[in-house]
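First the structure, in the form of structure tokens, and then the observations on it.
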Amino acid sequence: QVQLVESGGGLVQAGGSLRLSCAASGRTDSRYVMGWFRRAPGKEREFVAGISKSADTTSYADSVKGRFTISTDYAKATSYLQMNSLKPEDTALYYCAARSPYWSKTSASASQYAYWGQGTQVTVSS
């Protein structure tokens, strides 16, 4: 079992930046595929970014490609989502998630992730 806690959300103007953090606790002796998802008001949860267990492969939703960067620091048991050039449409509750340690590759499907944080709110004003 691993527990995930997100932080770093807040209110930012369009064009600004935020860095979200996802701190893991529990079974941090294992490495995990990490993902970030978001849910905007009135919309379905959507995939934002993912990073493989070995941290050598990343994937992004088309809507954030070139603006967001996912990374993992295993020494700190923390995953990050650097968000630049933020837009009002990025406003959402952001969740980090981890796949079972059996898996090595990223997935854009929320159903493939076994562990979830509680979320951190990101609001981008125009």
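Residue names in the structure tokens use chain letters A, B, ... in the order shown, residue numbers from 1 in each chain, and ligand numbers from 1 in the order shown.
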As a ChimeraX atom specification, please: all residues of chain A that backbone DSSP puts in strand (DSSP E). /A:2-7,10-13,18-26,34-39,46-51,58-60,68-73,78-83,92-98,115-116,120-125
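Per DSSP on the backbone, helix (DSSP H, G or I) in chain A comprises Pro88, Glu89, Asp90, Ala110, Ser111 and Gln112 of chain A.
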Calculated over only C-alpha atoms, which of the candidates A:Ala24, A:Ala40, A:Leu18, A:Leu11 has the smallest distance to A:Lys76? A:Ala24
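Take the candidates A:Tyr32, A:Trp116, A:Tyr102, A:Tyr94 and check each one against A:Tyr74 using only C-alpha atoms; the shortest distance goes to A:Tyr32.
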What's around A:Ser125 at 9 Å? Count only C-alpha atoms, leave out sequence neighbours fewer than 5 positions away in its own chain, and write the answer as a count of residues only. 7
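Straight-line separation from atom CA of A:Tyr60 to atom CA of A:Met34: 12.1 Å.
One distance worth recording is that between atom CA of A:Ala110 and atom CA of A:Ala55, which is 19.0 Å.
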List the neighbours of A:Lys53 out to 12 Å using only C-alpha atoms; skip same-chain residues closer than 3 positions along the sequence, and give me the result as number ranges by chain. A: 30-35, 50, 56-58, 71-74, 79, 98-107
With N, CA, C and O atoms retained, could you export that selection as a short mmCIF file (atom, residue, chain, number, x, y, z; two decimals), in the first residue's frame?
data_model
loop_
_atom_site.label_atom_id
_atom_site.label_comp_id
_atom_site.auth_asym_id
_atom_site.auth_seq_id
_atom_site.Cartn_x
_atom_site.Cartn_y
_atom_site.Cartn_z
N SER A 30 9.14 0.36 -3.06
CA SER A 30 8.84 -0.01 -4.44
C SER A 30 8.71 1.25 -5.29
O SER A 30 8.36 2.30 -4.78
N ARG A 31 8.98 1.12 -6.55
CA ARG A 31 8.76 2.22 -7.47
C ARG A 31 7.43 2.00 -8.18
O ARG A 31 6.98 0.88 -8.35
N TYR A 32 6.84 3.12 -8.59
CA TYR A 32 5.50 3.06 -9.18
C TYR A 32 5.43 3.92 -10.44
O TYR A 32 6.11 4.95 -10.54
N VAL A 33 4.60 3.50 -11.34
CA VAL A 33 4.19 4.39 -12.42
C VAL A 33 3.30 5.46 -11.79
O VAL A 33 2.38 5.15 -11.03
N MET A 34 3.59 6.70 -12.06
CA MET A 34 2.83 7.80 -11.49
C MET A 34 2.05 8.52 -12.58
O MET A 34 2.50 8.65 -13.72
N GLY A 35 0.90 9.02 -12.20
CA GLY A 35 0.08 9.78 -13.14
C GLY A 35 -0.56 10.97 -12.45
O GLY A 35 -0.73 10.97 -11.22
N GLY A 50 1.76 11.26 -17.31
CA GLY A 50 2.20 10.04 -16.65
C GLY A 50 3.69 9.85 -16.83
O GLY A 50 4.29 10.38 -17.77
N ASP A 56 11.90 7.06 -17.27
CA ASP A 56 12.54 7.40 -18.54
C ASP A 56 11.53 7.65 -19.65
O ASP A 56 11.91 8.03 -20.76
N THR A 57 10.27 7.46 -19.37
CA THR A 57 9.22 7.67 -20.36
C THR A 57 8.10 8.49 -19.75
O THR A 57 7.64 8.19 -18.64
N THR A 58 7.69 9.52 -20.47
CA THR A 58 6.58 10.34 -20.01
C THR A 58 5.52 10.43 -21.11
O THR A 58 5.81 10.21 -22.29
N SER A 71 7.65 14.72 -13.35
CA SER A 71 8.93 14.15 -12.93
C SER A 71 8.74 13.41 -11.62
O SER A 71 7.71 13.56 -10.95
N THR A 72 9.74 12.61 -11.29
CA THR A 72 9.71 11.84 -10.04
C THR A 72 11.08 11.89 -9.40
O THR A 72 12.09 11.72 -10.07
N ASP A 73 11.09 12.14 -8.11
CA ASP A 73 12.32 12.10 -7.32
C ASP A 73 12.16 10.95 -6.33
O ASP A 73 11.50 11.09 -5.30
N TYR A 74 12.76 9.80 -6.64
CA TYR A 74 12.57 8.63 -5.79
C TYR A 74 13.24 8.81 -4.43
O TYR A 74 12.79 8.24 -3.44
N SER A 79 6.48 12.87 -6.54
CA SER A 79 6.29 13.14 -7.95
C SER A 79 5.86 14.59 -8.11
O SER A 79 5.20 15.15 -7.21
N ALA A 98 -1.02 6.35 -8.51
CA ALA A 98 0.05 5.39 -8.72
C ALA A 98 -0.53 4.04 -9.14
O ALA A 98 -1.57 3.62 -8.63
N ARG A 99 0.15 3.42 -10.09
CA ARG A 99 -0.26 2.08 -10.48
C ARG A 99 0.32 1.07 -9.49
O ARG A 99 1.27 1.37 -8.76
N SER A 100 -0.23 -0.12 -9.48
CA SER A 100 0.37 -1.21 -8.71
C SER A 100 1.82 -1.37 -9.14
O SER A 100 2.14 -1.20 -10.32
N PRO A 101 2.74 -1.69 -8.20
CA PRO A 101 4.16 -1.80 -8.55
C PRO A 101 4.47 -2.89 -9.57
O PRO A 101 5.59 -2.96 -10.09
N TYR A 102 3.50 -3.72 -9.90
CA TYR A 102 3.69 -4.74 -10.94
C TYR A 102 3.92 -4.10 -12.31
O TYR A 102 4.64 -4.63 -13.14
N TRP A 103 3.29 -2.94 -12.54
CA TRP A 103 3.31 -2.30 -13.85
C TRP A 103 4.48 -1.34 -14.02
O TRP A 103 4.92 -0.71 -13.07
N SER A 104 5.00 -1.27 -15.26
CA SER A 104 6.15 -0.42 -15.54
C SER A 104 5.83 0.76 -16.44
O SER A 104 6.53 1.78 -16.41
N LYS A 105 4.78 0.64 -17.25
CA LYS A 105 4.50 1.66 -18.25
C LYS A 105 3.36 2.57 -17.82
O LYS A 105 2.51 2.20 -17.02
N THR A 106 3.36 3.77 -18.40
CA THR A 106 2.30 4.71 -18.08
C THR A 106 0.98 4.26 -18.70
O THR A 106 0.94 3.45 -19.62
N SER A 107 -0.08 4.82 -18.21
CA SER A 107 -1.40 4.58 -18.78
C SER A 107 -2.21 5.85 -18.63
O SER A 107 -2.09 6.57 -17.64
#
I'd like the contact shell of A:Asp62 - 12 Å cut-off, only C-alpha atoms, skipping same-chain residues fewer than 4 positions apart - returned as a list in words. Glu46, Phe47, Val48, Ala49, Gly66, Arg67, Phe68 and Ala108 of chain A
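The nearest approach to A:Ser7 among the residues A:Asn84, A:Ser109, A:Thr78, A:Ser25, with only C-alpha atoms taken into account, belongs to A:Thr78.
The nearest approach to A:Ser21 among the residues A:Leu81, A:Gln112, A:Gln3, A:Leu86, with only C-alpha atoms taken into account, belongs to A:Leu81.
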Report as a PDB file with N, CA and C atoms, in the first residue's frame all protein, DNA and RNA residues lying within 8 Å of A:Gly117, evaluated on only C-alpha atoms, omitting residues in the same chain fewer than 4 positions from it.
ATOM      1  N   GLN A   3       0.364   5.609   0.230  1.00  0.00           N
ATOM      2  CA  GLN A   3      -0.537   6.745   0.414  1.00  0.00           C
ATOM      3  C   GLN A   3       0.045   7.956  -0.313  1.00  0.00           C
ATOM      4  N   LEU A   4      -0.816   8.721  -0.933  1.00  0.00           N
ATOM      5  CA  LEU A   4      -0.396   9.868  -1.740  1.00  0.00           C
ATOM      6  C   LEU A   4      -1.051  11.143  -1.230  1.00  0.00           C
ATOM      7  N   VAL A   5      -0.265  12.198  -1.124  1.00  0.00           N
ATOM      8  CA  VAL A   5      -0.785  13.485  -0.683  1.00  0.00           C
ATOM      9  C   VAL A   5      -0.292  14.571  -1.638  1.00  0.00           C
ATOM     10  N   GLU A   6      -1.227  15.262  -2.259  1.00  0.00           N
ATOM     11  CA  GLU A   6      -0.875  16.340  -3.178  1.00  0.00           C
ATOM     12  C   GLU A   6      -0.772  17.665  -2.447  1.00  0.00           C
ATOM     13  N   CYS A  22       3.421  15.508  -5.177  1.00  0.00           N
ATOM     14  CA  CYS A  22       2.684  14.333  -4.723  1.00  0.00           C
ATOM     15  C   CYS A  22       3.636  13.509  -3.865  1.00  0.00           C
ATOM     16  N   TYR A  95      -5.361  15.458  -9.251  1.00  0.00           N
ATOM     17  CA  TYR A  95      -5.078  14.270  -8.451  1.00  0.00           C
ATOM     18  C   TYR A  95      -3.799  13.598  -8.933  1.00  0.00           C
ATOM     19  N   CYS A  96      -3.009  13.077  -8.005  1.00  0.00           N
ATOM     20  CA  CYS A  96      -1.946  12.180  -8.422  1.00  0.00           C
ATOM     21  C   CYS A  96      -2.389  10.757  -8.127  1.00  0.00           C
ATOM     22  N   ALA A  97      -1.808   9.837  -8.865  1.00  0.00           N
ATOM     23  CA  ALA A  97      -2.186   8.435  -8.749  1.00  0.00           C
ATOM     24  C   ALA A  97      -0.981   7.556  -9.038  1.00  0.00           C
TER      25      ALA A  97
END
